[in-house]
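J.: Contents are mmCIF, C-alpha atoms; file name work-v3.cif:
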data_coords
#
loop_
_atom_site.label_atom_id
_atom_site.label_comp_id
_atom_site.auth_asym_id
_atom_site.auth_seq_id
_atom_site.Cartn_x
_atom_site.Cartn_y
_atom_site.Cartn_z
CA MET A 1 -22.74 15.94 138.27
CA LYS A 2 -22.95 13.83 135.14
CA THR A 3 -26.44 12.65 136.07
CA ALA A 4 -27.57 16.26 136.51
CA THR A 5 -26.22 17.23 133.05
CA VAL A 6 -28.01 14.26 131.46
CA PHE A 7 -31.20 15.22 133.31
CA ILE A 8 -30.99 18.85 132.07
CA LYS A 9 -30.33 17.65 128.52
CA ARG A 10 -33.31 15.32 128.65
CA THR A 11 -35.52 18.06 130.11
CA HIS A 12 -34.48 20.34 127.23
CA ILE A 13 -35.31 17.67 124.68
CA ILE A 14 -38.69 16.95 126.30
CA SER A 15 -39.59 20.66 126.53
CA LEU A 16 -38.59 21.15 122.88
CA PHE A 17 -40.73 18.15 121.90
CA ILE A 18 -43.72 19.46 123.86
CA SER A 19 -43.37 22.96 122.38
CA LEU A 20 -43.24 21.40 118.90
CA ILE A 21 -46.34 19.32 119.53
CA PHE A 22 -48.32 22.14 121.06
CA SER A 23 -48.15 24.48 118.12
CA PRO A 24 -48.75 28.23 118.66
CA SER A 25 -52.30 27.73 117.35
CA VAL A 26 -53.22 25.99 120.60
CA TRP A 27 -52.35 28.99 122.73
CA ALA A 28 -53.48 31.73 120.39
CA GLU A 29 -56.38 33.90 121.55
CA ARG A 30 -59.44 33.44 119.38
CA THR A 31 -62.46 35.67 119.07
CA GLU A 32 -65.41 33.87 120.64
CA TYR A 33 -68.93 33.69 119.28
CA VAL A 34 -71.72 32.21 121.38
CA VAL A 35 -74.68 30.37 119.88
CA GLU A 36 -77.58 28.80 121.76
CA LEU A 37 -79.74 25.92 120.69
CA LYS A 38 -83.28 25.99 122.01
CA ASP A 39 -86.41 24.21 120.77
CA HIS A 40 -84.22 22.81 117.97
CA LEU A 41 -83.43 26.32 116.71
CA PHE A 42 -80.11 28.18 116.66
CA PHE A 43 -79.99 31.63 118.29
CA PRO A 44 -78.68 33.66 116.56
CA ALA A 45 -79.26 31.85 113.28
CA VAL A 46 -76.94 34.22 111.45
CA ILE A 47 -73.42 34.88 112.72
CA LYS A 48 -71.06 37.35 111.13
CA ILE A 49 -67.34 36.69 111.40
CA PRO A 50 -64.29 38.43 109.88
CA PRO A 51 -62.50 36.90 106.87
CA ASN A 52 -59.18 35.04 107.10
CA GLU A 53 -59.39 34.66 110.86
CA LYS A 54 -59.86 31.58 112.98
CA VAL A 55 -62.70 32.00 115.50
CA LYS A 56 -64.05 29.99 118.41
CA LEU A 57 -67.71 29.00 118.27
CA ILE A 58 -69.26 28.13 121.62
CA ILE A 59 -72.59 26.34 121.29
CA TYR A 60 -74.92 25.80 124.25
CA ASN A 61 -77.60 23.14 123.97
CA ARG A 62 -80.60 24.25 126.07
CA ASP A 63 -82.79 21.37 124.83
CA THR A 64 -83.43 18.10 126.63
CA THR A 65 -82.30 16.08 123.60
CA PRO A 66 -78.81 15.87 122.07
CA GLU A 67 -77.98 17.62 118.83
CA GLU A 68 -75.16 17.34 116.33
CA PHE A 69 -73.73 20.54 114.90
CA ASP A 70 -72.96 19.78 111.27
CA SER A 71 -71.71 21.79 108.34
CA PHE A 72 -70.72 20.55 104.89
CA ASP A 73 -69.35 23.99 104.01
CA LEU A 74 -67.18 24.26 107.13
CA ASN A 75 -66.32 20.54 107.32
CA ARG A 76 -67.29 20.41 111.00
CA GLU A 77 -69.31 17.87 112.98
CA LYS A 78 -69.82 17.74 116.74
CA VAL A 79 -72.38 16.29 119.14
CA ILE A 80 -73.74 18.69 121.77
CA PHE A 81 -75.28 16.96 124.78
CA PRO A 82 -78.42 18.22 126.56
CA ASN A 83 -77.69 21.22 128.80
CA LYS A 84 -73.99 21.11 127.89
CA ARG A 85 -71.76 23.25 125.72
CA ALA A 86 -69.46 22.45 122.82
CA VAL A 87 -66.51 24.30 121.33
CA ILE A 88 -65.66 24.34 117.64
CA PHE A 89 -62.97 26.34 115.89
CA ILE A 90 -63.71 27.54 112.38
CA GLY A 91 -61.74 29.37 109.74
CA PRO A 92 -59.73 31.07 108.43
CA LEU A 93 -62.38 31.50 105.75
CA PRO A 94 -62.70 33.67 102.64
CA GLU A 95 -65.72 35.97 102.33
CA GLY A 96 -69.00 34.17 101.73
CA LYS A 97 -71.90 32.31 103.30
CA TYR A 98 -71.41 29.02 105.13
CA HIS A 99 -74.44 27.02 106.19
CA PHE A 100 -74.69 24.82 109.27
CA PHE A 101 -77.50 22.71 110.72
CA GLY A 102 -78.40 20.29 113.48
CA GLU A 103 -78.01 16.81 112.04
CA PHE A 104 -80.63 15.33 114.38
CA ASN A 105 -83.18 18.02 113.44
CA PRO A 106 -82.11 19.25 110.00
CA ASN A 107 -85.49 20.78 109.15
CA SER A 108 -85.61 23.20 112.07
CA ALA A 109 -82.07 23.69 113.38
CA LYS A 110 -80.45 25.75 110.62
CA GLY A 111 -78.05 28.64 110.57
CA THR A 112 -75.56 30.58 108.47
CA ILE A 113 -72.13 32.00 109.10
CA ILE A 114 -71.50 35.08 107.02
CA VAL A 115 -67.85 35.91 106.53
CA THR A 116 -67.62 39.62 105.89
CA PRO A 117 -65.13 42.39 106.70
CA MET A 118 -65.93 43.94 110.08
CA PRO A 119 -64.18 45.74 112.96
CA LYS A 120 -62.26 43.35 115.21
CA ARG A 121 -63.90 42.27 118.47
CA LYS A 122 -61.82 41.23 121.43
CA LYS A 123 -64.44 40.01 123.84
CA ALA A 124 -67.03 37.30 123.46
CA ILE A 125 -70.37 38.36 122.11
CA LYS A 126 -73.05 37.63 124.64
CA VAL A 127 -76.27 36.51 123.10
CA ILE A 128 -79.50 37.37 124.88
CA VAL A 129 -82.09 34.77 124.01
CA LYS A 130 -85.64 36.00 123.68
CA ASN A 131 -88.29 33.36 123.51
CA SER A 132 -90.24 35.11 120.82
CA VAL A 133 -92.79 33.18 118.78
CA GLY A 134 -91.34 32.03 115.48
CA GLY A 135 -87.86 31.37 116.82
CA ALA A 136 -84.89 32.96 115.10
CA MET B 137 -87.49 11.75 110.80
CA LEU B 138 -87.49 8.42 108.93
CA ILE B 139 -85.10 9.55 106.19
CA ASN B 140 -82.92 11.28 108.77
CA THR B 141 -82.73 8.08 110.84
CA VAL B 142 -81.76 6.03 107.77
CA LEU B 143 -79.07 8.55 106.80
CA LEU B 144 -77.69 8.75 110.34
CA PHE B 145 -77.66 4.97 110.64
CA LEU B 146 -75.84 4.71 107.31
CA SER B 147 -73.24 7.35 108.15
CA ASN B 148 -72.48 5.77 111.53
CA SER B 149 -72.96 2.04 111.05
CA LEU B 150 -71.76 1.47 107.49
CA VAL B 151 -68.15 1.41 108.70
CA ILE B 152 -68.93 -1.48 111.10
CA PHE B 153 -70.52 -3.56 108.35
CA MET B 154 -67.65 -2.81 105.98
CA VAL B 155 -65.00 -3.87 108.50
CA LEU B 156 -66.98 -7.04 109.09
CA ALA B 157 -67.14 -7.72 105.32
CA LEU B 158 -63.39 -7.13 104.95
CA LEU B 159 -62.55 -9.42 107.88
CA LEU B 160 -64.89 -12.18 106.64
CA SER B 161 -63.41 -12.02 103.13
CA ILE B 162 -59.97 -12.96 104.54
CA LYS B 163 -61.26 -15.15 107.37
CA ASN B 164 -60.53 -18.43 105.58
CA LYS B 165 -57.23 -17.27 104.11
CA LEU B 166 -55.84 -16.21 107.50
CA GLN B 167 -57.75 -18.92 109.37
CA LEU B 168 -59.33 -16.39 111.72
CA CYS B 169 -61.33 -17.81 114.61
CA GLY B 170 -65.06 -17.07 114.24
CA ILE B 171 -65.67 -17.17 118.00
CA THR B 172 -62.99 -14.51 118.58
CA LEU B 173 -64.69 -12.25 116.05
CA ILE B 174 -68.06 -12.74 117.78
CA CYS B 175 -66.38 -12.02 121.15
CA GLY B 176 -64.85 -8.87 119.62
CA ALA B 177 -68.30 -7.73 118.45
CA LEU B 178 -69.83 -8.38 121.89
CA VAL B 179 -67.00 -6.54 123.65
CA GLY B 180 -67.52 -3.69 121.17
CA VAL B 181 -71.22 -3.49 122.10
CA SER B 182 -70.27 -3.45 125.82
CA PHE B 183 -67.67 -0.70 125.22
CA MET B 184 -70.27 1.22 123.23
CA SER B 185 -72.79 1.08 126.11
CA LEU B 186 -70.09 2.07 128.59
CA LEU B 187 -68.94 4.98 126.44
CA TRP B 188 -72.55 6.10 125.96
CA LEU B 189 -72.93 6.34 129.75
CA TYR B 190 -69.91 8.60 130.21
CA ILE B 191 -69.66 10.33 126.84
CA ASP B 192 -71.13 13.64 128.00
CA GLU B 193 -68.59 13.74 130.85
CA ILE B 194 -65.73 12.93 128.45
CA SER B 195 -66.90 15.67 126.07
CA GLN B 196 -66.49 18.31 128.81
CA LEU B 197 -62.83 17.43 129.49
CA PHE B 198 -59.90 19.58 128.26
CA ASP B 199 -61.98 22.73 127.77
CA ASP B 200 -64.83 20.88 125.98
CA THR B 201 -62.50 19.11 123.56
CA GLY B 202 -62.40 15.77 125.39
CA LEU B 203 -64.46 13.88 122.84
CA GLU B 204 -62.20 14.88 119.95
CA TRP B 205 -59.09 13.81 121.89
CA PHE B 206 -60.72 10.51 122.85
CA TYR B 207 -61.86 9.72 119.29
CA ALA B 208 -58.50 10.80 117.83
CA CYS B 209 -56.62 8.45 120.20
CA ILE B 210 -58.91 5.51 119.41
CA HIS B 211 -58.65 6.18 115.66
CA ILE B 212 -54.84 6.08 115.88
CA LEU B 213 -55.03 2.92 117.99
CA VAL B 214 -57.24 1.21 115.39
CA TYR B 215 -54.86 2.38 112.63
CA ILE B 216 -51.94 0.74 114.44
CA LEU B 217 -53.97 -2.42 115.14
CA ILE B 218 -54.89 -2.77 111.46
CA LEU B 219 -51.27 -2.33 110.39
CA HIS B 220 -50.17 -4.92 112.96
CA PHE B 221 -52.89 -7.27 111.77
CA ILE B 222 -51.81 -7.03 108.13
CA HIS B 223 -48.12 -7.13 109.00
CA HIS B 224 -48.59 -10.40 110.89
CA SER B 225 -50.46 -11.91 107.94
CA ASN B 226 -47.11 -11.74 106.06
CA THR B 227 -45.37 -13.99 108.54
CA SER B 228 -45.44 -17.78 108.55
CA VAL B 229 -48.74 -19.54 109.17
CA ASN B 230 -48.95 -21.44 112.45
CA ILE B 231 -51.57 -21.90 115.18
CA ALA B 232 -50.04 -19.32 117.54
CA ASN B 233 -49.88 -16.71 114.78
CA ASN B 234 -53.48 -17.44 113.73
CA ASN B 235 -54.65 -16.93 117.32
CA LYS B 236 -52.79 -13.63 117.45
CA GLN B 237 -54.35 -12.59 114.15
CA SER B 238 -57.82 -13.49 115.43
CA TRP B 239 -57.33 -11.38 118.55
CA TYR B 240 -56.15 -8.43 116.47
CA ALA B 241 -59.23 -8.81 114.24
CA GLY B 242 -61.50 -9.02 117.30
CA ALA B 243 -59.93 -5.90 118.83
CA ILE B 244 -60.32 -3.94 115.56
CA LEU B 245 -64.00 -4.93 115.38
CA ALA B 246 -64.58 -4.03 119.05
CA PHE B 247 -63.07 -0.54 118.73
CA VAL B 248 -64.84 0.19 115.43
CA ILE B 249 -68.22 -0.82 116.95
CA MET B 250 -67.51 1.35 119.98
CA LEU B 251 -66.54 4.40 117.90
CA GLN B 252 -69.25 4.22 115.28
CA GLY B 253 -72.07 2.81 117.37
CA THR B 254 -72.00 5.36 120.16
CA ASN B 255 -72.92 8.29 117.94
CA PHE B 256 -76.03 6.56 116.65
CA LEU B 257 -76.90 5.36 120.14
CA ILE B 258 -76.86 9.00 121.36
CA TYR B 259 -79.37 9.92 118.64
CA PHE B 260 -81.50 6.79 119.06
CA VAL B 261 -81.81 6.95 122.86
CA GLY B 262 -82.13 10.75 122.86
CA TYR B 263 -85.19 10.69 120.61
CA TRP B 264 -86.71 7.32 121.60
CA SER B 265 -88.50 8.99 124.54
CA GLN B 266 -90.50 11.12 122.10
CA THR B 267 -93.52 8.90 121.47
CA ASP B 268 -94.37 10.37 118.07
CA VAL B 269 -91.02 9.44 116.53
CA ALA B 270 -90.51 5.94 117.96
CA ASN B 271 -92.03 4.23 114.89
CA ALA B 272 -89.96 6.28 112.47
CA LEU B 273 -86.81 5.47 114.46
CA PHE B 274 -87.55 1.75 114.45
CA ILE B 275 -88.37 1.59 110.72
CA GLY B 276 -85.33 3.76 109.96
CA VAL B 277 -83.04 1.34 111.82
CA VAL B 278 -84.55 -1.67 109.98
CA LEU B 279 -84.13 0.03 106.58
CA GLY B 280 -80.60 1.21 107.45
CA THR B 281 -79.60 -2.28 108.57
CA GLY B 282 -80.92 -3.71 105.28
CA ILE B 283 -78.93 -1.22 103.20
CA CYS B 284 -75.76 -1.80 105.26
CA ILE B 285 -76.05 -5.60 104.94
CA SER B 286 -76.57 -5.28 101.15
CA ILE B 287 -73.50 -3.05 100.75
CA SER B 288 -71.34 -5.26 102.96
CA ILE B 289 -72.35 -8.41 101.00
CA LEU B 290 -71.41 -6.65 97.75
CA LEU B 291 -68.08 -5.57 99.27
CA TYR B 292 -67.44 -9.11 100.56
CA PHE B 293 -67.89 -10.68 97.10
CA PHE B 294 -65.98 -7.83 95.45
CA CYS B 295 -62.99 -8.51 97.75
CA ILE B 296 -63.14 -12.26 97.10
CA PHE B 297 -63.31 -11.57 93.35
CA LEU B 298 -60.29 -9.24 93.52
CA ASN B 299 -58.33 -11.70 95.68
CA GLU B 300 -58.92 -14.60 93.30
CA ARG B 301 -58.73 -12.86 89.93
CA PHE B 302 -56.32 -9.93 90.28
CA TYR B 303 -54.17 -9.69 93.38
CA GLY B 304 -54.19 -12.14 96.30
CA ARG B 305 -53.83 -9.39 98.90
CA SER B 306 -56.47 -6.97 97.60
CA THR B 307 -58.44 -7.08 100.87
CA GLU B 308 -55.30 -6.12 102.78
CA VAL B 309 -54.79 -3.14 100.44
CA ILE B 310 -58.42 -2.04 100.98
CA PHE B 311 -57.91 -2.48 104.73
CA ILE B 312 -54.82 -0.23 104.57
CA LEU B 313 -56.83 2.43 102.72
CA PHE B 314 -59.52 2.12 105.40
CA ALA B 315 -56.90 2.58 108.15
CA CYS B 316 -55.57 5.70 106.39
CA GLY B 317 -59.16 6.97 106.25
CA LEU B 318 -59.25 6.74 110.03
CA PHE B 319 -56.09 8.83 110.13
CA ASN B 320 -57.83 11.41 107.94
CA LYS B 321 -60.75 11.53 110.41
CA THR B 322 -58.21 12.13 113.20
CA SER B 323 -56.80 15.14 111.36
CA ASP B 324 -60.38 16.46 110.93
CA LEU B 325 -60.96 16.16 114.69
CA LEU B 326 -57.68 17.86 115.59
CA LEU B 327 -58.37 20.70 113.14
CA GLN B 328 -61.79 21.17 114.73
CA ILE B 329 -60.27 21.77 118.18
CA ASP B 330 -57.52 24.03 116.84
CA PHE B 331 -54.71 21.63 117.69
CA LEU B 332 -53.56 21.43 114.09
CA PRO B 333 -53.16 24.67 112.17
CA SER B 334 -55.88 24.93 109.53
CA SER B 335 -55.41 26.45 106.13
CA HIS B 336 -57.51 27.00 103.02
CA MET B 337 -58.73 23.93 101.16
CA ILE B 338 -56.60 22.85 98.23
CA PHE B 339 -59.49 21.72 96.03
CA ASP B 340 -63.21 21.07 96.28
CA VAL B 341 -64.58 18.07 94.39
CA ASN B 342 -68.06 18.24 95.91
CA PHE B 343 -69.41 18.87 92.41
CA ILE B 344 -68.15 15.39 91.34
CA VAL B 345 -69.03 13.32 94.43
CA ARG B 346 -70.79 15.20 97.22
CA GLU B 347 -69.31 14.20 100.57
CA LYS B 348 -72.72 13.81 102.19
CA SER B 349 -74.31 11.85 99.31
CA GLU B 350 -74.82 8.07 99.53
CA LEU B 351 -71.70 7.45 97.42
CA GLY B 352 -69.83 10.04 99.49
CA HIS B 353 -70.77 8.20 102.70
CA PHE B 354 -69.58 4.92 101.18
CA LEU B 355 -66.25 6.37 100.02
CA LYS B 356 -65.75 8.15 103.34
CA ALA B 357 -66.34 4.91 105.21
CA LEU B 358 -64.08 2.96 102.86
CA PHE B 359 -61.03 5.21 102.65
CA GLY B 360 -61.85 8.50 104.40
CA TYR B 361 -62.95 10.42 101.30
CA ASP B 362 -62.77 14.17 101.86
CA ALA B 363 -64.15 16.40 99.11
CA SER B 364 -62.42 19.56 100.34
CA PRO B 365 -59.14 18.75 102.10
CA THR B 366 -56.43 21.12 103.24
CA LEU B 367 -52.74 20.70 102.38
CA LEU B 368 -52.01 19.38 105.87
CA GLN B 369 -54.71 16.72 105.58
CA ILE B 370 -53.37 15.53 102.21
CA GLY B 371 -49.87 15.41 103.67
CA LEU B 372 -51.00 13.42 106.71
CA TYR B 373 -53.03 11.01 104.57
CA LEU B 374 -50.10 10.36 102.22
CA SER B 375 -47.75 9.91 105.20
CA ALA B 376 -50.14 7.42 106.78
CA LEU B 377 -50.39 5.59 103.45
CA LEU B 378 -46.60 5.45 103.01
CA ILE B 379 -46.04 4.18 106.56
CA ALA B 380 -48.77 1.58 106.10
CA PHE B 381 -47.46 0.24 102.79
CA PHE B 382 -43.88 0.21 104.04
CA TRP B 383 -44.87 -1.59 107.25
CA CYS B 384 -47.30 -4.08 105.78
CA LEU B 385 -46.40 -4.92 102.22
CA PHE B 386 -42.61 -4.81 102.19
CA PRO B 387 -40.47 -7.64 103.58
CA GLU B 388 -39.72 -7.61 107.29
CA LYS B 389 -36.12 -6.53 106.69
CA PRO B 390 -36.10 -4.22 103.64
CA TRP B 391 -32.31 -3.69 103.83
CA ARG B 392 -31.97 -7.23 102.48
CA PHE B 393 -32.73 -5.75 99.05
CA THR B 394 -29.44 -3.87 99.06
CA ARG B 395 -27.55 -7.00 100.13
CA VAL B 396 -29.14 -9.00 97.30
CA LYS B 397 -28.13 -6.25 94.85
CA GLN B 398 -24.57 -6.36 96.19
CA VAL B 399 -24.42 -10.15 95.79
CA ILE B 400 -25.76 -9.94 92.24
CA SER B 401 -23.23 -7.26 91.27
#
So, in terms of structure tokens, how does the structure I just supplied come out?
T.:
Amino acid sequence: MKTATVFIKRTHIISLFISLIFSPSVWAERTEYVVELKDHLFFPAVIKIPPNEKVKLIIYNRDTTPEEFDSFDLNREKVIFPNKRAVIFIGPLPEGKYHFFGEFNPNSAKGTIIVTPMPKRKKAIKVIVKNSVGGA
Amino acid sequence: MLINTVLLFLSNSLVIFMVLALLLSIKNKLQLCGITLICGALVGVSFMSLLWLYIDEISQLFDDTGLEWFYACIHILVYILILHFIHHSNTSVNIANNNKQSWYAGAILAFVIMLQGTNFLIYFVGYWSQTDVANALFIGVVLGTGICISISILLYFFCIFLNERFYGRSTEVIFILFACGLFNKTSDLLLQIDFLPSSHMIFDVNFIVREKSELGHFLKALFGYDASPTLLQIGLYLSALLIAFFWCLFPEKPWRFTRVKQVIS
């Protein structure tokens, strides 16, 4: 009986510890924005997101070479492997323009995140990539 | 491509050269074994190659946040290793302790090479296959190595100067700041994957020293300089600094202070 009480107490402590570690931010639903990287260009090159809200950026690398998503303005840096995807959370941000680029190809892979008031989206935005001449 | 290669090499490899300079500046003082340091470097290169093979698989773990978790864990491990290393330098000097110190130094070097080298290796190998950029990559690496060696030599003599003229444990203090910088990088990684709650930046000093400038790279490598930190990051950095100073620079049993005060009174 005593062992069972100790076990329950310990389980409570462990569950409390885990719930403290995994803050609500981990489980919160985030609006998703999908970006594709092809021929060292970001599609779309301009992404509009709402102010003061944390969003999830999903980046697919369709190239055969790796790329590093980098942004001084957003303070984010992440390697995206060939034919793989990467997830980055950004925000909450005040209204404005935030530039990002591919660190391995900074001259071609460029993009901007525009933080502007807009109606809330609940589902991920699906990006249809058109291989038009001139890229983004 | 050439300038980009030099910049990428600097941002990734400068840390390795700086750790090497710091360790060499206290090598004689702590009687560190040179062979152990070389072994540490070789193990680091092996770890780096191994990590490079599996890094894309690791990155896909935990809903594509595997790489951040992996790097965060290794950063914390290196932080603890550095604190252990400096803490043991306080204790009495004997052969067994020196061997322990050497192994700690070797392990720090190995993990730092693994962490910093892999990122550049991804870039280097990824673009080496493109025949038109191979020359630029090679020249970029040579130039980057030259710059890194120059900076590390300057840092080495600067540490020796500080140790001899001002404070005998200056290198240890710089090492502690470096360890706290690693902690700052960990908070960056955990913010990026939404594990830590992010908030607005407290200040932005990019207009004084731009984070991505040459000086910014140097300061970031040395003590984790962040031009636009959040309140949480500042709090974590200061906590890491307090823990480090308490662990490494104070006596092994700080409560002895109170006893001494009682005896005096």
J.: Name every residue that the PyMOL selection byres ((chain B) within 8 of (chain A)) selects in this structure, writing the answer as a list of chain:residue names with chains first and numbers rising.
T.: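 Listing what the PyMOL selection byres ((chain B) within 8 of (chain A)) selects in the shown file: B:Asn140, B:Asp192, B:Ser195, B:Gln196, B:Asp200, B:Thr201, B:Ile258, B:Tyr259, B:Gly262, B:Tyr263, B:Asp324, B:Leu327, B:Gln328, B:Ile329, B:Asp330, B:Phe331, B:Leu332, B:Pro333, B:Ser334, B:Ser335, B:His336, B:Glu347, B:Lys348.
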J.: I'd like the interatomic distance between atom CA of Gly170 of chain B and atom CA of Val277 of chain B, to a tenth of an Å.
T.: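 So the two atoms, atom CA of Gly170 of chain B and atom CA of Val277 of chain B, lie 25.8 Å apart.
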J.: Rank nothing, just name the residue among B:Thr281, B:Thr254, B:Ser288, B:Ser323 nearest to Val142 of chain B, using all atoms listed in the file.
T.: B:Thr281
J.: Considering only C-alpha atoms, return as a PyMOL selection string whatever protein or nucleic-acid residues lie within 10 Å of Trp239 of chain B, sequence-local ones (same chain, fewer than 6 positions apart) excluded.
T.: chain B and resi 168-169+172-173+175-176+221+233+245
J.: Using only C-alpha atoms, which residues sit within 12 Å of Ile379 of chain B once same-chain residues fewer than 2 positions away are excluded, as a list in words?
T.: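 Result of the neighbour search: Tyr215, Ile216, Leu219, His220, His223, Ile312, Leu313, Ala315, Cys316, Phe319, Leu372, Tyr373, Leu374, Ser375, Ala376, Leu377, Phe381, Phe382, Trp383, Cys384, Leu385 and Phe386 of chain B.
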J.: Which value, in Å to one decimal, gives the distance between atom CA of Asn234 of chain B and atom CA of Gln167 of chain B?
T.: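 These atoms are spaced 6.3 Å apart.
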J.: Please indicate the distance in Å from atom CA of Thr141 of chain B to atom CA of Val269 of chain B, rounded to one decimal place.
T.: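 Separation of atom CA of Thr141 of chain B and atom CA of Val269 of chain B: 10.1 Å.
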J.: Take the PyMOL selection byres ((chain A and resi 36) around 8), apply it to the structure above, and return the hits as JSON, numbers by chain.
T.: {"A": [34, 35, 37, 38, 42, 43, 44, 59, 60, 61, 62, 127, 129]}
J.: Counting only C-alpha atoms, figure out which residue out of B:Asp268, B:Asp340, B:Glu308, B:Glu193 gets nearest to Asn83 of chain A.
T.: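 For Asn83 of chain A, the nearest of the given residues is B:Glu193.
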J.: Could you please give me, as a ChimeraX atom specification, the residues of protein, DNA or RNA lying at most 8 Å from (-65.0, -9.9, 102.8) in the coordinate frame of the file, considering all atoms listed in the file?
T.: /B:156-163,288-289,291-296,307
J.: For the residues selected in the previous step, produce a file with C-alpha atoms as a compact mmCIF listing (two decimals), keeping the file's coordinate frame.
T.:
# COMPACT_ATOMS: atom_id res chain seq x y z
CA LEU B 156 -66.98 -7.04 109.09
CA ALA B 157 -67.14 -7.72 105.32
CA LEU B 158 -63.39 -7.13 104.95
CA LEU B 159 -62.55 -9.42 107.88
CA LEU B 160 -64.89 -12.18 106.64
CA SER B 161 -63.41 -12.02 103.13
CA ILE B 162 -59.97 -12.96 104.54
CA LYS B 163 -61.26 -15.15 107.37
CA SER B 288 -71.34 -5.26 102.96
CA ILE B 289 -72.35 -8.41 101.00
CA LEU B 291 -68.08 -5.57 99.27
CA TYR B 292 -67.44 -9.11 100.56
CA PHE B 293 -67.89 -10.68 97.10
CA PHE B 294 -65.98 -7.83 95.45
CA CYS B 295 -62.99 -8.51 97.75
CA ILE B 296 -63.14 -12.26 97.10
CA THR B 307 -58.44 -7.08 100.87
J.: Here's the selection I'm unsure about, the PyMOL selection byres ((chain B and resi 273) around 8); applied to the file above, which residues does it give, as a VMD selection string?
T.: chain B and resid 137 to 138 141 260 264 269 to 272 274 to 277
J.: Extract, using all atoms listed in the file, all DNA, RNA and protein residues at most 12 Å from Gly352 of chain B, discarding same-chain residues fewer than 3 positions from it, and format them as a list in words.
T.: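 Result of the neighbour search: Phe72 of chain A; Leu143, Leu146, Ser147, Leu150, Val341, Asn342, Phe343, Ile344, Val345, Arg346, Glu347, Lys348, Ser349, Leu355, Lys356, Ala357, Leu358, Phe359, Gly360, Tyr361, Asp362 and Ala363 of chain B.
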